[in-house]
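A.B. asks: The structure's right below; bear with me while I get my questions together.
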Amino acid sequence: MSGDFANIDDIAELLLSGDAGSGMTRIRDIARVIRAPLEPVGEIMRWNGAPAVGIGISTVEDGNVIAMGDAVTARLETLRSRIPVGMDIHAITHQGETVKTAIGGFMFNLISAVAIVMLVLILFMGRHEGLIIGAVLLLTVLATFIGMRILDITLQRISLGALIIALGMLVDNAIVVTEGITIKARRGMDRIGAAEETVRETQWLLLAATGIAVLAFAAITLSKDMTGEWLKSLFQVIFLSLGLSWVLAITVTPFLCVMLLPATEAHPVSPYRATPYRLYRRLLSSCIAHRGATLGGTALLLCLALWGFGFVKQDFMPDMSRPQITIDVRLPEGSRIDATAAEVDAIAAHVRALDGVTDVASFVGRGPLRFLLTREPEMPCESYGQLLVGLDDSARIPELRDRLTAFLEEHHAGAVTSVDVFKLGPGGRSVVARLGGPDETILRTLAEQVKTVMSQNPNVRSLRTDWGNPVKVQSVRLAEARAREAGVSRLNIAQSLAMTFPGSIGGTFRHGDDLLPIVLRPPPSQRENVDNIDNTLVWSDARSL
């Protein structure tokens with residue numbers, strides 16, 4: 001467009017009008033025009049110590065992250081030949097590959113679980129009965145996948161894990177129906193009649209039992225916090241799969257029993273007179289006869305179980321097997337971003353030299369983009385930095401975490417640091433104490449007391465408060481009467497201070513497709529010291545006498 005600046009030299013040649021009699025002045029005679037990165041920078045990113053620019057790509061709503069990841073990888077390969085010399089493309093985290101690996105592992109576990117269940121059924125119930133129940137189990141799983149597609153329930157860790165959890169319960173309804181038909185057929189009843197009577201006797205009892213099993217998982221999903229949102233598909237899949245198992249148990253299972261169970265001769269003797277049943281009957285009769293000892297023994301076993309659970313590691317959201325860890329670095333509030341960057345760079349240089357570390361991406365001023373649902377990005381802060389460390393094997397995480405924690409406590413004690421592992425659920429701080437009240441001074445005093453108590457526990461690390469330490473600020477108080485006499489307004493003072501320190505935007509320079517701001521500000525010597533506030537010149541609209 002005509003009138004645009006072709007380069008920054010054109011800006012330097014721009015004429016300015018002065019006071020009456022002073023004529024015109026070129027900008028280059030009174031100022032220096034340069035093209036440089038914006039200072040101070042708002043955030044800094046490095047990859048293996050080199051400056052980097054990050055690009056975050058996310059899927060559309062209801063999109064397939066695996067398909068999207070493959071498409072992005074293919075596109076990057078085609079663009080490599082067009083990358084300028086001195087630049088390269090690296091993937092910091094590829095969620096498509098991570099999801100593909102996780103889904104593959106879960107599918108293997110699901111298939112293995114189905115095969116194990118079918119094998120156990122065949123061994124303990126007989127070949128025909130086991131195959132019938134196994135076929136119904138496969139139909140239930142396949143029907144569940146179809147229902148998940150209809151209800152827009154995606155395949156992910158929680159939904160597939162719910163199927164594995166439900167496998168043991170999916171066969172219960174079919175087992176009851178199959179066993180009832182088999183018993184009645186052996187007693188001389190025809191198979192069709194046996195199927196009708198068994199379904200009529202058990203269908204509502206099985207529905208009630210299925211409902212109880214489903215409701216056991218409802219409390220997790222009904223939680224109103226992030227955990228409930230993240231585990232929503234757990235209840236949905238269990239409700240869907242168990243509901244389908246009941247439907248198939250009273251429809252498909254009787255049909256398969258009538259069609260596939262071998263013809264057997266009627267036995268006037270009850271099949272419950274077999275050896276396993278007789279042993280079980282004898283045990284049950286003995287327990288009833290000695291009910292006091294039975295109840296006492298049951299209570300004792302319950303107490304032993306409760307005591308034993310105290311030795312079981314409790315972690316509702318366990319660590320992921322993702323071969324990455326994060327290192328959070330927080331300097332005191334008010335620290336300059338260059339000081340934070342120096343601290344983060346020193347830590348990154350040490351981490352890159354460790355065995356098993358493949359790459360280190362560092363972010364200063366804010367955390368990385370949200371590349372995982374369970375990771376909450378940090379708000380912009382000049383005193384905050386984070387390192388995303390890639391490993392060649394997730395098995396190295398425990399050892400590396402302990403080594404890095406000890407190193408940071410010894411060599412970077414001036415910063416609050418933490419080495420964290422990705423979790424399968426919402427992460428964040430493990431223990432939180434919340435204090436509230438109207439007096440800021442009292443709150444800070446109480447917070448320090450809480451920190452003192454918590455620090456006495458040897459398991460505490462990364463202890464901090466959300467407010468951080470108090471930061472000194474410089475305030476300007478306006479002398480209203482003298483300002484009116486000088487013809488100076490609040491707006492004049494605000495504009496002068498803005499131009500003196502961060503700089504004010506005087507226009508926009510078009511460079512190709514980029515729009516670069518034109519920043520007006522004095523030399524560094526006039527804006528890098530807070531004392532320069534007293535020497536800031538303010539434009540007055542008052543006429544000179």
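We label chains A, B, ... in the order they appear in the structure tokens, count residues from 1 in each chain, and number ligands from 1 in the order shown.
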Please identify all polymer residues within 9 Å of Pro368 (chain A), counting only C-alpha atoms, omitting same-chain residues fewer than 4 positions from it, and present them as a list in words.
C.D. replies: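 Near neighbours after the sequence-gap exclusion: Met45, Gly54, Ser362, Phe363, Pro377, Glu378, Gln386 and Leu388 of chain A.
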A.B. asks: Can you tell me which residues surround region 322-336 of chain A at a distance of at most 6 Å, considering only C-alpha atoms, apart from same-chain residues fewer than 5 positions away, and format the answer as an MDAnalysis selection string?
C.D. replies: chainID A and resid 383:391 393:394 415:421 468:469 471
A.B. asks: What residues in region 155-395 of chain A get the DSSP label strand (DSSP E or B)? Please answer as a list in words.
C.D. replies: Asp319, Gln324, Ile325, Thr326, Ile327, Asp328, Val329, Arg330, Val357, Thr358, Asp359, Val360, Ala361, Ser362, Phe363, Val364, Tyr384, Gly385, Gln386, Leu387, Leu388, Val389, Gly390 and Leu391 of chain A
A.B. asks: With a distance cut-off of 9 Å and only C-alpha atoms, select the neighbouring residues of Ile250 (chain A), excluding the residue or stretch itself and same-chain residues fewer than 6 positions from it, and output the selection as a ChimeraX atom specification.
C.D. replies: /A:173-174,177,199-200,202-203
A.B. asks: My list of candidates is A:Ala67, A:Leu242, A:Val120, A:Val460. Which is closest to Leu207 (chain A) when distances are computed with only C-alpha atoms?
C.D. replies: A:Leu242
A.B. asks: Residues at most 12 Å from Val99 (chain A), counting only C-alpha atoms, excluding those fewer than 3 positions away in the same chain, as a ChimeraX atom specification?
C.D. replies: /A:64-70,93-96,102-107,154-157,321-322,372
A.B. asks: Which residues come within 8 Å of Ser241 (chain A), counting only C-alpha atoms, excluding same-chain residues fewer than 2 positions away, as a PyMOL selection string?
C.D. replies: chain A and resi 140-141+143-144+163+166+170+237-239+243-245
A.B. asks: Mind giving me the straight-line distance from CA of Arg464 (chain A) to CA of Leu435 (chain A) in Å, one decimal?
C.D. replies: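 These two atoms are separated by 13.4 Å.
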A.B. asks: Determine the nearest neighbour of Met148 (chain A) from the options A:Ala305, A:Ile220, A:Arg521, A:Leu160, counting only C-alpha atoms.
C.D. replies: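 Ranking A:Ala305, A:Ile220, A:Arg521, A:Leu160 by distance to Met148 (chain A), first place goes to A:Leu160.
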A.B. asks: Just the alpha helix (DSSP H) stuff from region 279-425 of chain A, please, per backbone DSSP, written as a PyMOL selection string.
C.D. replies: chain A and resi 279-289+291-309+337-352+397-411
A.B. asks: What's the 12 Å shell around Ala218 (chain A), counting only C-alpha atoms, without same-chain residues fewer than 6 positions away, as a ChimeraX atom specification?
C.D. replies: /A:211-212,228,231-239
A.B. asks: Between A:Arg291, A:Asn109, A:Asp514, A:Lys184, single out the one closest to Ile164 (chain A), counting only C-alpha atoms.
C.D. replies: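 Closest residue, counting only C-alpha atoms: A:Asn109.
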A.B. asks: Quick one: of A:Phe509, A:Phe217, A:Phe124, A:Trp539, who's nearest to Ser496 (chain A), counting only C-alpha atoms?
C.D. replies: A:Trp539
A.B. asks: Which is closest to Met379 (chain A) among A:Ser504, A:Leu261, A:Gly365, A:Gln474, if we use only C-alpha atoms?
C.D. replies: A:Gly365
A.B. asks: What does the distance from CA of Gly193 (chain A) to CA of Val247 (chain A) come to in Å, to one decimal?
C.D. replies: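 CA of Val247 (chain A) lies at a distance of 19.4 Å from CA of Gly193 (chain A).
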A.B. asks: How many Å separate CA of Asn532 (chain A) from CA of Asn492 (chain A)?
C.D. replies: 16.7 Å
